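Source file: upload_28.cif (mmCIF, C-alpha atoms; chains and numbers go by the auth columns)
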```cif
data_protein
loop_
_atom_site.group_PDB
_atom_site.id
_atom_site.type_symbol
_atom_site.label_atom_id
_atom_site.label_comp_id
_atom_site.label_asym_id
_atom_site.label_seq_id
_atom_site.Cartn_x
_atom_site.Cartn_y
_atom_site.Cartn_z
_atom_site.B_iso_or_equiv
_atom_site.auth_seq_id
_atom_site.auth_asym_id
ATOM 1 C CA MET A 1 29.134 6.821 61.458 0.00 551 A
ATOM 2 C CA THR A 2 25.517 6.472 60.301 0.00 552 A
ATOM 3 C CA THR A 3 24.206 7.772 63.631 0.00 553 A
ATOM 4 C CA ALA A 4 26.493 10.798 63.451 0.00 554 A
ATOM 5 C CA THR A 5 25.377 11.497 59.893 0.00 555 A
ATOM 6 C CA HIS A 6 21.717 11.361 60.873 0.00 556 A
ATOM 7 C CA SER A 7 22.377 13.655 63.839 0.00 557 A
ATOM 8 C CA ILE A 8 24.079 16.242 61.649 0.00 558 A
ATOM 9 C CA ALA A 9 21.249 16.030 59.117 0.00 559 A
ATOM 10 C CA GLY A 10 18.708 16.514 61.903 0.00 560 A
ATOM 11 C CA VAL A 11 20.450 19.643 63.168 0.00 561 A
ATOM 12 C CA ALA A 12 20.724 21.005 59.631 0.00 562 A
ATOM 13 C CA SER A 13 17.015 20.493 58.993 0.00 563 A
ATOM 14 C CA ALA A 14 16.038 21.969 62.383 0.00 564 A
ATOM 15 C CA ARG A 15 17.891 25.223 61.795 0.00 565 A
ATOM 16 C CA PRO A 16 15.904 26.288 58.714 0.00 566 A
ATOM 17 C CA THR A 17 12.693 25.371 60.518 0.00 567 A
ATOM 18 C CA ARG A 18 13.533 27.602 63.467 0.00 568 A
ATOM 19 C CA ALA A 19 14.626 30.343 61.073 0.00 569 A
ATOM 20 C CA LYS A 20 11.193 30.232 59.435 0.00 570 A
ATOM 21 C CA VAL A 21 9.131 29.934 62.622 0.00 571 A
ATOM 22 C CA LEU A 22 10.792 32.536 64.856 0.00 572 A
ATOM 23 C CA PRO A 23 10.161 35.647 62.667 0.00 573 A
ATOM 24 C CA PRO A 24 6.379 35.166 62.451 0.00 574 A
ATOM 25 C CA LEU A 25 6.222 34.385 66.173 0.00 575 A
ATOM 26 C CA ALA A 26 8.140 37.620 66.778 0.00 576 A
ATOM 27 C CA GLY A 27 5.604 39.510 64.661 0.00 577 A
ATOM 28 C CA ILE A 28 2.683 38.051 66.599 0.00 578 A
ATOM 29 C CA ALA A 29 4.388 38.856 69.928 0.00 579 A
ATOM 30 C CA LEU A 30 5.020 42.419 68.732 0.00 580 A
ATOM 31 C CA VAL A 31 1.331 43.011 68.000 0.00 581 A
ATOM 32 C CA VAL A 32 0.132 41.338 71.197 0.00 582 A
ATOM 33 C CA GLY A 33 2.618 43.338 73.267 0.00 583 A
ATOM 34 C CA LEU A 34 1.510 46.582 71.647 0.00 584 A
ATOM 35 C CA VAL A 35 -2.149 45.816 72.367 0.00 585 A
ATOM 36 C CA VAL A 36 -1.267 45.318 76.046 0.00 586 A
ATOM 37 C CA ALA A 37 0.845 48.490 76.106 0.00 587 A
ATOM 38 C CA LEU A 38 -1.894 50.571 74.476 0.00 588 A
ATOM 39 C CA ASN A 39 -4.345 49.518 77.172 0.00 589 A
ATOM 40 C CA SER A 40 -2.006 50.489 80.011 0.00 590 A
ATOM 41 C CA PRO A 41 -3.007 53.581 82.042 0.00 591 A
ATOM 42 C CA ALA A 42 0.399 55.181 81.432 0.00 592 A
ATOM 43 C CA VAL A 43 -0.126 55.180 77.658 0.00 593 A
ATOM 44 C CA GLU A 44 -3.830 55.938 77.375 0.00 594 A
ATOM 45 C CA ASP A 45 -3.513 59.535 78.601 0.00 595 A
ATOM 46 C CA ALA A 46 -0.406 60.917 80.277 0.00 596 A
ATOM 47 C CA GLY A 47 -2.088 64.315 80.687 0.00 597 A
ATOM 48 C CA ASN A 48 -2.097 67.733 79.045 0.00 598 A
ATOM 49 C CA THR A 49 -0.511 69.739 81.863 0.00 599 A
ATOM 50 C CA PRO A 50 2.708 69.243 83.866 0.00 600 A
ATOM 51 C CA ALA A 51 0.706 68.462 87.000 0.00 601 A
ATOM 52 C CA GLU A 52 -1.268 65.755 85.197 0.00 602 A
ATOM 53 C CA VAL A 53 1.917 64.226 83.782 0.00 603 A
ATOM 54 C CA VAL A 54 3.492 64.105 87.256 0.00 604 A
ATOM 55 C CA ALA A 55 0.348 62.464 88.639 0.00 605 A
ATOM 56 C CA THR A 56 0.373 59.866 85.860 0.00 606 A
ATOM 57 C CA ALA A 57 4.033 59.084 86.462 0.00 607 A
ATOM 58 C CA SER A 58 3.373 58.672 90.170 0.00 608 A
ATOM 59 C CA ASP A 59 0.187 56.622 89.895 0.00 609 A
ATOM 60 C CA HIS A 60 1.258 54.358 87.017 0.00 610 A
ATOM 61 C CA HIS A 61 5.011 54.014 87.462 0.00 611 A
ATOM 62 C CA THR A 62 4.890 50.221 87.100 0.00 612 A
ATOM 63 C CA TRP A 63 2.979 50.465 83.827 0.00 613 A
ATOM 64 C CA ALA A 64 5.512 52.982 82.531 0.00 614 A
ATOM 65 C CA ILE A 65 8.286 50.474 83.274 0.00 615 A
ATOM 66 C CA VAL A 66 6.317 47.796 81.430 0.00 616 A
ATOM 67 C CA GLY A 67 6.076 50.139 78.446 0.00 617 A
ATOM 68 C CA MET A 68 9.829 50.718 78.516 0.00 618 A
ATOM 69 C CA VAL A 69 10.562 46.998 78.706 0.00 619 A
ATOM 70 C CA PHE A 70 8.260 46.395 75.772 0.00 620 A
ATOM 71 C CA GLY A 71 10.052 49.154 73.849 0.00 621 A
ATOM 72 C CA LEU A 72 13.337 47.322 74.350 0.00 622 A
ATOM 73 C CA ALA A 73 11.771 44.005 73.361 0.00 623 A
ATOM 74 C CA ALA A 74 10.209 45.639 70.303 0.00 624 A
ATOM 75 C CA VAL A 75 13.679 46.267 68.852 0.00 625 A
ATOM 76 C CA ALA A 76 14.359 42.529 68.750 0.00 626 A
ATOM 77 C CA LEU A 77 10.808 41.510 67.819 0.00 627 A
ATOM 78 C CA ALA A 78 10.447 43.974 64.947 0.00 628 A
ATOM 79 C CA GLY A 79 13.976 43.265 63.740 0.00 629 A
ATOM 80 C CA ALA A 80 13.361 39.501 63.704 0.00 630 A
ATOM 81 C CA PHE A 81 10.056 39.890 61.864 0.00 631 A
ATOM 82 C CA VAL A 82 11.499 42.221 59.224 0.00 632 A
ATOM 83 C CA ALA A 83 14.570 40.035 58.687 0.00 633 A
ATOM 84 C CA GLY A 84 12.434 36.920 58.286 0.00 634 A
ATOM 85 C CA LEU A 85 9.975 38.641 55.960 0.00 635 A
ATOM 86 C CA HIS A 86 12.749 39.951 53.736 0.00 636 A
ATOM 87 C CA ALA A 87 14.489 36.585 53.643 0.00 637 A
ATOM 88 C CA ARG A 88 11.289 34.771 52.628 0.00 638 A
ATOM 89 C CA LEU A 89 10.347 37.244 49.891 0.00 639 A
ATOM 90 C CA GLN A 90 13.696 38.364 48.487 0.00 640 A
ATOM 91 C CA HIS A 91 13.638 35.706 45.737 0.00 641 A
ATOM 92 C CA LEU A 92 10.017 36.430 44.871 0.00 642 A
ATOM 93 C CA ALA A 93 10.045 40.220 45.047 0.00 643 A
ATOM 94 C CA LYS A 94 11.365 42.373 42.250 0.00 644 A
ATOM 95 C CA SER A 95 14.620 44.193 42.997 0.00 645 A
ATOM 96 C CA GLY A 96 12.890 47.470 43.820 0.00 646 A
ATOM 97 C CA GLU A 97 10.292 45.718 45.962 0.00 647 A
ATOM 98 C CA SER A 98 12.938 43.811 47.898 0.00 648 A
ATOM 99 C CA SER A 99 14.801 47.053 48.632 0.00 649 A
ATOM 100 C CA LEU A 100 11.622 48.790 49.791 0.00 650 A
ATOM 101 C CA ILE A 101 10.726 45.880 52.097 0.00 651 A
ATOM 102 C CA LEU A 102 14.145 46.088 53.727 0.00 652 A
ATOM 103 C CA VAL A 103 14.334 49.898 53.920 0.00 653 A
ATOM 104 C CA GLY A 104 10.754 50.235 55.174 0.00 654 A
ATOM 105 C CA GLY A 105 11.337 47.468 57.709 0.00 655 A
ATOM 106 C CA ILE A 106 14.475 49.138 59.032 0.00 656 A
ATOM 107 C CA VAL A 107 12.693 52.493 59.355 0.00 657 A
ATOM 108 C CA PHE A 108 9.876 50.789 61.250 0.00 658 A
ATOM 109 C CA THR A 109 12.272 48.833 63.497 0.00 659 A
ATOM 110 C CA VAL A 110 14.137 52.008 64.456 0.00 660 A
ATOM 111 C CA CYS A 111 11.306 54.542 64.723 0.00 661 A
ATOM 112 C CA PHE A 112 8.658 52.434 66.481 0.00 662 A
ATOM 113 C CA PRO A 113 10.724 51.535 69.586 0.00 663 A
ATOM 114 C CA LEU A 114 12.206 55.054 69.667 0.00 664 A
ATOM 115 C CA ALA A 115 8.695 56.506 69.802 0.00 665 A
ATOM 116 C CA LEU A 116 7.879 54.192 72.713 0.00 666 A
ATOM 117 C CA PHE A 117 11.015 55.333 74.541 0.00 667 A
ATOM 118 C CA LEU A 118 10.075 58.994 74.095 0.00 668 A
ATOM 119 C CA PHE A 119 6.557 58.276 75.366 0.00 669 A
ATOM 120 C CA GLN A 120 7.623 56.276 78.430 0.00 670 A
ATOM 121 C CA ALA A 121 11.174 57.116 79.532 0.00 671 A
ATOM 122 C CA PRO A 122 10.341 60.492 81.166 0.00 672 A
ATOM 123 C CA LEU A 123 7.520 58.845 83.131 0.00 673 A
ATOM 124 C CA VAL A 124 9.870 56.160 84.438 0.00 674 A
ATOM 125 C CA ASP A 125 12.589 58.588 85.538 0.00 675 A
ATOM 126 C CA MET A 126 10.467 61.365 87.068 0.00 676 A
ATOM 127 C CA PRO A 127 12.279 63.102 90.024 0.00 677 A
ATOM 128 C CA ALA A 128 10.909 62.663 93.521 0.00 678 A
ATOM 129 C CA ASP A 129 11.152 66.425 94.151 0.00 679 A
ATOM 130 C CA HIS A 130 7.825 67.920 93.064 0.00 680 A
ATOM 131 C CA ALA A 131 9.256 71.183 91.707 0.00 681 A
ATOM 132 C CA ARG A 132 11.833 69.383 89.564 0.00 682 A
ATOM 133 C CA ALA A 133 9.193 66.899 88.472 0.00 683 A
ATOM 134 C CA LEU A 134 6.996 69.734 87.187 0.00 684 A
ATOM 135 C CA VAL A 135 9.904 71.119 85.167 0.00 685 A
ATOM 136 C CA GLU A 136 10.613 67.731 83.598 0.00 686 A
ATOM 137 C CA ALA A 137 6.901 67.177 82.992 0.00 687 A
ATOM 138 C CA GLU A 138 6.788 70.446 81.049 0.00 688 A
ATOM 139 C CA ALA A 139 9.645 69.170 78.887 0.00 689 A
ATOM 140 C CA TYR A 140 7.855 65.831 78.505 0.00 690 A
ATOM 141 C CA LEU A 141 4.966 67.568 76.752 0.00 691 A
ATOM 142 C CA SER A 142 7.464 68.582 74.061 0.00 692 A
ATOM 143 C CA TYR A 143 8.944 65.068 73.929 0.00 693 A
ATOM 144 C CA ASP A 144 5.418 63.795 73.474 0.00 694 A
ATOM 145 C CA ASP A 145 5.079 65.795 70.255 0.00 695 A
ATOM 146 C CA ALA A 146 8.413 64.443 69.014 0.00 696 A
ATOM 147 C CA ALA A 147 7.275 60.927 69.887 0.00 697 A
ATOM 148 C CA TRP A 148 4.195 61.325 67.701 0.00 698 A
ATOM 149 C CA VAL A 149 6.354 62.430 64.778 0.00 699 A
ATOM 150 C CA MET A 150 8.578 59.383 65.296 0.00 700 A
ATOM 151 C CA PHE A 151 5.486 57.194 65.530 0.00 701 A
ATOM 152 C CA ALA A 152 4.253 58.633 62.229 0.00 702 A
ATOM 153 C CA ALA A 153 7.628 57.830 60.657 0.00 703 A
ATOM 154 C CA ALA A 154 7.232 54.237 61.873 0.00 704 A
ATOM 155 C CA GLY A 155 3.886 54.103 60.081 0.00 705 A
ATOM 156 C CA LEU A 156 5.481 55.310 56.853 0.00 706 A
ATOM 157 C CA GLY A 157 8.144 52.632 57.236 0.00 707 A
ATOM 158 C CA ALA A 158 5.417 50.031 57.720 0.00 708 A
ATOM 159 C CA ALA A 159 3.718 51.275 54.537 0.00 709 A
ATOM 160 C CA LEU A 160 6.949 50.996 52.544 0.00 710 A
ATOM 161 C CA MET A 161 7.323 47.443 53.834 0.00 711 A
ATOM 162 C CA ALA A 162 3.724 46.241 53.560 0.00 712 A
ATOM 163 C CA ILE A 163 2.839 47.354 50.036 0.00 713 A
ATOM 164 C CA PRO A 164 5.682 45.656 48.099 0.00 714 A
ATOM 165 C CA ALA A 165 5.608 42.637 50.436 0.00 715 A
ATOM 166 C CA SER A 166 1.900 42.138 49.727 0.00 716 A
ATOM 167 C CA LEU A 167 2.466 42.366 45.975 0.00 717 A
ATOM 168 C CA ALA A 168 5.302 39.834 46.191 0.00 718 A
ATOM 169 C CA ALA A 169 3.122 37.573 48.343 0.00 719 A
ATOM 170 C CA ILE A 170 0.475 37.470 45.606 0.00 720 A
ATOM 171 C CA ARG A 171 3.094 36.140 43.197 0.00 721 A
ATOM 172 C CA ALA A 172 4.110 33.626 45.867 0.00 722 A
ATOM 173 C CA GLY A 173 0.610 32.132 45.888 0.00 723 A
ATOM 174 C CA VAL A 174 -1.202 34.090 48.594 0.00 724 A
ATOM 175 C CA PRO A 175 -4.858 34.624 47.560 0.00 725 A
ATOM 176 C CA THR A 176 -5.155 37.746 45.441 0.00 726 A
ATOM 177 C CA TRP A 177 -7.876 39.255 47.614 0.00 727 A
ATOM 178 C CA LEU A 178 -5.726 38.853 50.714 0.00 728 A
ATOM 179 C CA GLY A 179 -2.716 40.372 48.979 0.00 729 A
ATOM 180 C CA TRP A 180 -4.676 43.421 47.871 0.00 730 A
ATOM 181 C CA LEU A 181 -6.069 43.826 51.384 0.00 731 A
ATOM 182 C CA GLY A 182 -2.428 43.867 52.467 0.00 732 A
ATOM 183 C CA VAL A 183 -1.721 46.637 49.952 0.00 733 A
ATOM 184 C CA LEU A 184 -4.694 48.604 51.303 0.00 734 A
ATOM 185 C CA ALA A 185 -3.434 48.113 54.870 0.00 735 A
ATOM 186 C CA GLY A 186 -0.046 49.395 53.728 0.00 736 A
ATOM 187 C CA VAL A 187 -1.606 52.529 52.238 0.00 737 A
ATOM 188 C CA LEU A 188 -3.623 53.150 55.413 0.00 738 A
ATOM 189 C CA SER A 189 -0.464 52.662 57.509 0.00 739 A
ATOM 190 C CA ALA A 190 0.811 55.957 56.135 0.00 740 A
ATOM 191 C CA GLY A 191 -1.933 57.612 58.202 0.00 741 A
ATOM 192 C CA THR A 192 -0.331 56.695 61.531 0.00 742 A
ATOM 193 C CA ILE A 193 0.100 60.413 62.287 0.00 743 A
ATOM 194 C CA VAL A 194 -3.675 60.500 62.888 0.00 744 A
ATOM 195 C CA PHE A 195 -3.533 57.268 64.907 0.00 745 A
ATOM 196 C CA PHE A 196 -5.923 55.104 62.830 0.00 746 A
ATOM 197 C CA GLY A 197 -3.053 54.011 60.576 0.00 747 A
ATOM 198 C CA MET A 198 -1.516 52.160 63.495 0.00 748 A
ATOM 199 C CA PHE A 199 -4.349 49.626 63.457 0.00 749 A
ATOM 200 C CA ALA A 200 -3.706 49.015 59.750 0.00 750 A
ATOM 201 C CA TRP A 201 -0.055 48.037 60.201 0.00 751 A
ATOM 202 C CA MET A 202 -0.822 46.089 63.372 0.00 752 A
ATOM 203 C CA ALA A 203 -3.362 44.033 61.409 0.00 753 A
ATOM 204 C CA TRP A 204 -0.947 43.632 58.502 0.00 754 A
ATOM 205 C CA ILE A 205 1.910 42.391 60.705 0.00 755 A
ATOM 206 C CA LEU A 206 -0.424 39.957 62.479 0.00 756 A
ATOM 207 C CA VAL A 207 -1.863 38.507 59.255 0.00 757 A
ATOM 208 C CA ALA A 208 1.546 38.431 57.548 0.00 758 A
ATOM 209 C CA SER A 209 2.991 36.581 60.540 0.00 759 A
ATOM 210 C CA ILE A 210 0.195 33.998 60.424 0.00 760 A
ATOM 211 C CA VAL A 211 0.709 33.519 56.678 0.00 761 A
ATOM 212 C CA LEU A 212 4.460 33.066 57.149 0.00 762 A
ATOM 213 C CA LEU A 213 3.842 30.627 59.989 0.00 763 A
ATOM 214 C CA VAL A 214 1.289 28.520 58.099 0.00 764 A
ATOM 215 C CA ALA A 215 3.334 28.569 54.861 0.00 765 A
ATOM 216 C CA ARG A 216 6.670 27.846 56.510 0.00 766 A
ATOM 217 C CA ASP A 217 7.120 24.621 54.503 0.00 767 A
ATOM 218 C CA ALA A 218 6.080 26.154 51.189 0.00 768 A
#
```
Output the structure of this file as structure tokens.
Amino acid sequence: MTTATHSIAGVASARPTRAKVLPPLAGIALVVGLVVALNSPAVEDAGNTPAEVVATASDHHTWAIVGMVFGLAAVALAGAFVAGLHARLQHLAKSGESSLILVGGIVFTVCFPLALFLFQAPLVDMPADHARALVEAEAYLSYDDAAWVMFAAAGLGAALMAIPASLAAIRAGVPTWLGWLGVLAGVLSAGTIVFFGMFAWMAWILVASIVLLVARDA
């Protein structure tokens, strides 16, 4: 009876630990995966003409598949990070802040992978026939513009999540200077439409994940 009781207690204590560790690990994996994806030849420059797009799809087909796989994984990774962040801060954040963390996180979780799909899917499924490939590559240049808009929306979602989360983290005991840097990163994340904002929310997710990981027992 005593052994069974200890076993049940051990399982019960292990579950909260996993629940606290997995979200920050997901956040770290999300950032690392994005760094790898950004340095892939298929993402760096797909081309500005249909012929260049077709050449990129042909020369870097494997990298395009890697980008698609990461896009699928990003749904789970971003979702796990956002869920864990919201769960850890919901009792510390004010009601409006808690809502913004959740809404911003959902927007980011939806728009970021969708942007990756729009960037990569046409390159993965390019027809073998050259004439048809040129037609689809022409359409891809329009999808590319839509992908950037979706990417910008992901940055706005990250801003909505990062700013209130950083303010709540200050009340939770995170050093004030670090919390205000988080607020600044959140503000800069709104500039994802001009690309530099992406580095702000990448840095914020990475640092927030490390803080959550280190403070998992607090």
On this structure, the PyMOL selection byres ((chain A and resi 573) around 6) would catch which residues? List them as a PDB file with C-alpha atoms, in the frame of the given file, sorted by chain and number.
```
ATOM      1  CA  VAL A 571       9.131  29.934  62.622  1.00  0.00           C
ATOM      2  CA  LEU A 572      10.792  32.536  64.856  1.00  0.00           C
ATOM      3  CA  PRO A 574       6.379  35.166  62.451  1.00  0.00           C
ATOM      4  CA  LEU A 575       6.222  34.385  66.173  1.00  0.00           C
ATOM      5  CA  ALA A 576       8.140  37.620  66.778  1.00  0.00           C
ATOM      6  CA  ALA A 630      13.361  39.501  63.704  1.00  0.00           C
ATOM      7  CA  PHE A 631      10.056  39.890  61.864  1.00  0.00           C
ATOM      8  CA  GLY A 634      12.434  36.920  58.286  1.00  0.00           C
TER       9      GLY A 634
END
```
Checklist entry - CA of Val733 (chain A) and CA of Leu717 (chain A), how far apart in Å? => result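 We find that CA of Leu717 (chain A) and CA of Val733 (chain A) lie 7.2 Å from each other.
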Checklist entry - Mind pulling up the distance from CA of Leu588 (chain A) to CA of Phe746 (chain A)? => result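 Those two atoms sit 13.1 Å apart.
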Next on the checklist: Env of Leu580 (chain A): 10 Å cut, atoms = only C-alpha atoms, seq-sep filter 5 positions within chain, self excluded. Answer as a list in words.
Outcome noted: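 Near neighbours after the sequence-gap exclusion: Pro574, Leu575, Val585, Phe620, Gly621, Ala623, Ala624, Val625, Ala626, Leu627, Ala628, Phe631, Met752, Ile755 and Leu756 of chain A.
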Next on the checklist: I'd like the neighbourhood of Leu652 (chain A) as a VMD selection string, where a residue qualifies if any of its atoms comes within 7 Å (using all atoms listed in the file), though same-chain residues fewer than 4 positions away should be ignored.
Outcome noted: chain A and resid 636 648 656 711
Checklist outcome for this item: In terms of all atoms listed in the file, the residue from A:Ile578, A:Ala740, A:Ala614, A:Val619 at minimal distance from Leu706 (chain A) is A:Ala740
Checklist entry - Mind telling me what the PyMOL selection byres ((chain A and resi 739) around 10) catches here, as JSON, numbers by chain? => result {"A": [702, 704, 705, 706, 707, 708, 709, 710, 712, 713, 733, 734, 735, 736, 737, 738, 740, 741, 742, 743, 745, 746, 747, 748, 749, 750, 751, 752, 753, 754]}
Checklist entry - Looking at A:Ser649, A:Gln670, A:Trp730, A:Ala633, which one is nearest to Thr612 (chain A), with distances taken over only C-alpha atoms? => result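 Residue with the minimum atom-to-atom distance to Thr612 (chain A): A:Gln670.
Pairwise distance (CA of Ser645 (chain A), CA of Leu664 (chain A)) equals 28.9 Å.
What the PyMOL selection byres ((chain A and resi 696) around 12) matches in the given file is Cys661, Leu664, Ala665, Leu666, Phe667, Leu668, Phe669, Ala689, Tyr690, Leu691, Ser692, Tyr693, Asp694, Asp695, Ala697, Trp698, Val699, Met700, Phe701, Ala702, Ala703 and Ile743 of chain A.
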Write the residues of the preceding selection, restricted to C-alpha atoms, as a JSON list (two decimals), in the coordinates of the input.
```json
[["chain", "number", "residue", "atom", "x", "y", "z"],
["A", 661, "CYS", "CA", 11.31, 54.54, 64.72],
["A", 664, "LEU", "CA", 12.21, 55.05, 69.67],
["A", 665, "ALA", "CA", 8.70, 56.51, 69.80],
["A", 666, "LEU", "CA", 7.88, 54.19, 72.71],
["A", 667, "PHE", "CA", 11.02, 55.33, 74.54],
["A", 668, "LEU", "CA", 10.07, 58.99, 74.10],
["A", 669, "PHE", "CA", 6.56, 58.28, 75.37],
["A", 689, "ALA", "CA", 9.64, 69.17, 78.89],
["A", 690, "TYR", "CA", 7.86, 65.83, 78.50],
["A", 691, "LEU", "CA", 4.97, 67.57, 76.75],
["A", 692, "SER", "CA", 7.46, 68.58, 74.06],
["A", 693, "TYR", "CA", 8.94, 65.07, 73.93],
["A", 694, "ASP", "CA", 5.42, 63.80, 73.47],
["A", 695, "ASP", "CA", 5.08, 65.80, 70.26],
["A", 697, "ALA", "CA", 7.28, 60.93, 69.89],
["A", 698, "TRP", "CA", 4.20, 61.32, 67.70],
["A", 699, "VAL", "CA", 6.35, 62.43, 64.78],
["A", 700, "MET", "CA", 8.58, 59.38, 65.30],
["A", 701, "PHE", "CA", 5.49, 57.19, 65.53],
["A", 702, "ALA", "CA", 4.25, 58.63, 62.23],
["A", 703, "ALA", "CA", 7.63, 57.83, 60.66],
["A", 743, "ILE", "CA", 0.10, 60.41, 62.29]]
```
Can you sort out the box for region 627-630 of chain A, edges along x, y and z, all listed atoms in, 8 Å on every side, with centre and edge lengths in Å to one decimal, as AutoDock Vina command-line options?
```
--center_x 12.2 --center_y 41.7 --center_z 65.8 --size_x 19.5 --size_y 20.5 --size_z 20.1
```
Export region 618-632 of chain A of the preceding structure, keeping N, CA and C atoms, as a CSV table (one decimal), in the first residue's frame.
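Saved result, decode.csv, follows:
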```csv
chain,number,residue,atom,x,y,z
A,618,MET,N,9.1,23.1,-45.1
A,618,MET,CA,7.7,22.7,-44.9
A,618,MET,C,7.5,21.9,-43.6
A,619,VAL,N,8.5,21.0,-43.4
A,619,VAL,CA,8.4,20.1,-42.2
A,619,VAL,C,8.5,21.0,-41.0
A,620,PHE,N,9.4,22.0,-41.0
A,620,PHE,CA,9.6,22.9,-39.9
A,620,PHE,C,8.3,23.7,-39.7
A,621,GLY,N,7.6,24.1,-40.8
A,621,GLY,CA,6.4,24.8,-40.7
A,621,GLY,C,5.3,24.0,-39.9
A,622,LEU,N,5.3,22.7,-40.2
A,622,LEU,CA,4.3,21.8,-39.5
A,622,LEU,C,4.7,21.7,-38.0
A,623,ALA,N,6.0,21.5,-37.8
A,623,ALA,CA,6.5,21.4,-36.4
A,623,ALA,C,6.2,22.7,-35.6
A,624,ALA,N,6.3,23.9,-36.3
A,624,ALA,CA,6.2,25.1,-35.7
A,624,ALA,C,4.8,25.3,-35.1
A,625,VAL,N,3.8,24.7,-35.7
A,625,VAL,CA,2.4,24.7,-35.1
A,625,VAL,C,2.4,24.2,-33.7
A,626,ALA,N,3.0,23.0,-33.5
A,626,ALA,CA,3.1,22.4,-32.2
A,626,ALA,C,4.0,23.1,-31.3
A,627,LEU,N,5.2,23.5,-31.8
A,627,LEU,CA,6.2,24.2,-30.9
A,627,LEU,C,5.6,25.6,-30.4
A,628,ALA,N,5.1,26.4,-31.3
A,628,ALA,CA,4.6,27.7,-30.9
A,628,ALA,C,3.4,27.5,-30.0
A,629,GLY,N,2.5,26.5,-30.3
A,629,GLY,CA,1.3,26.3,-29.5
A,629,GLY,C,1.7,25.9,-28.1
A,630,ALA,N,2.7,25.0,-28.0
A,630,ALA,CA,3.2,24.5,-26.6
A,630,ALA,C,3.8,25.7,-25.8
A,631,PHE,N,4.6,26.5,-26.5
A,631,PHE,CA,5.2,27.6,-25.8
A,631,PHE,C,4.2,28.6,-25.3
A,632,VAL,N,3.2,29.0,-26.2
A,632,VAL,CA,2.2,30.0,-25.8
A,632,VAL,C,1.3,29.4,-24.7
```
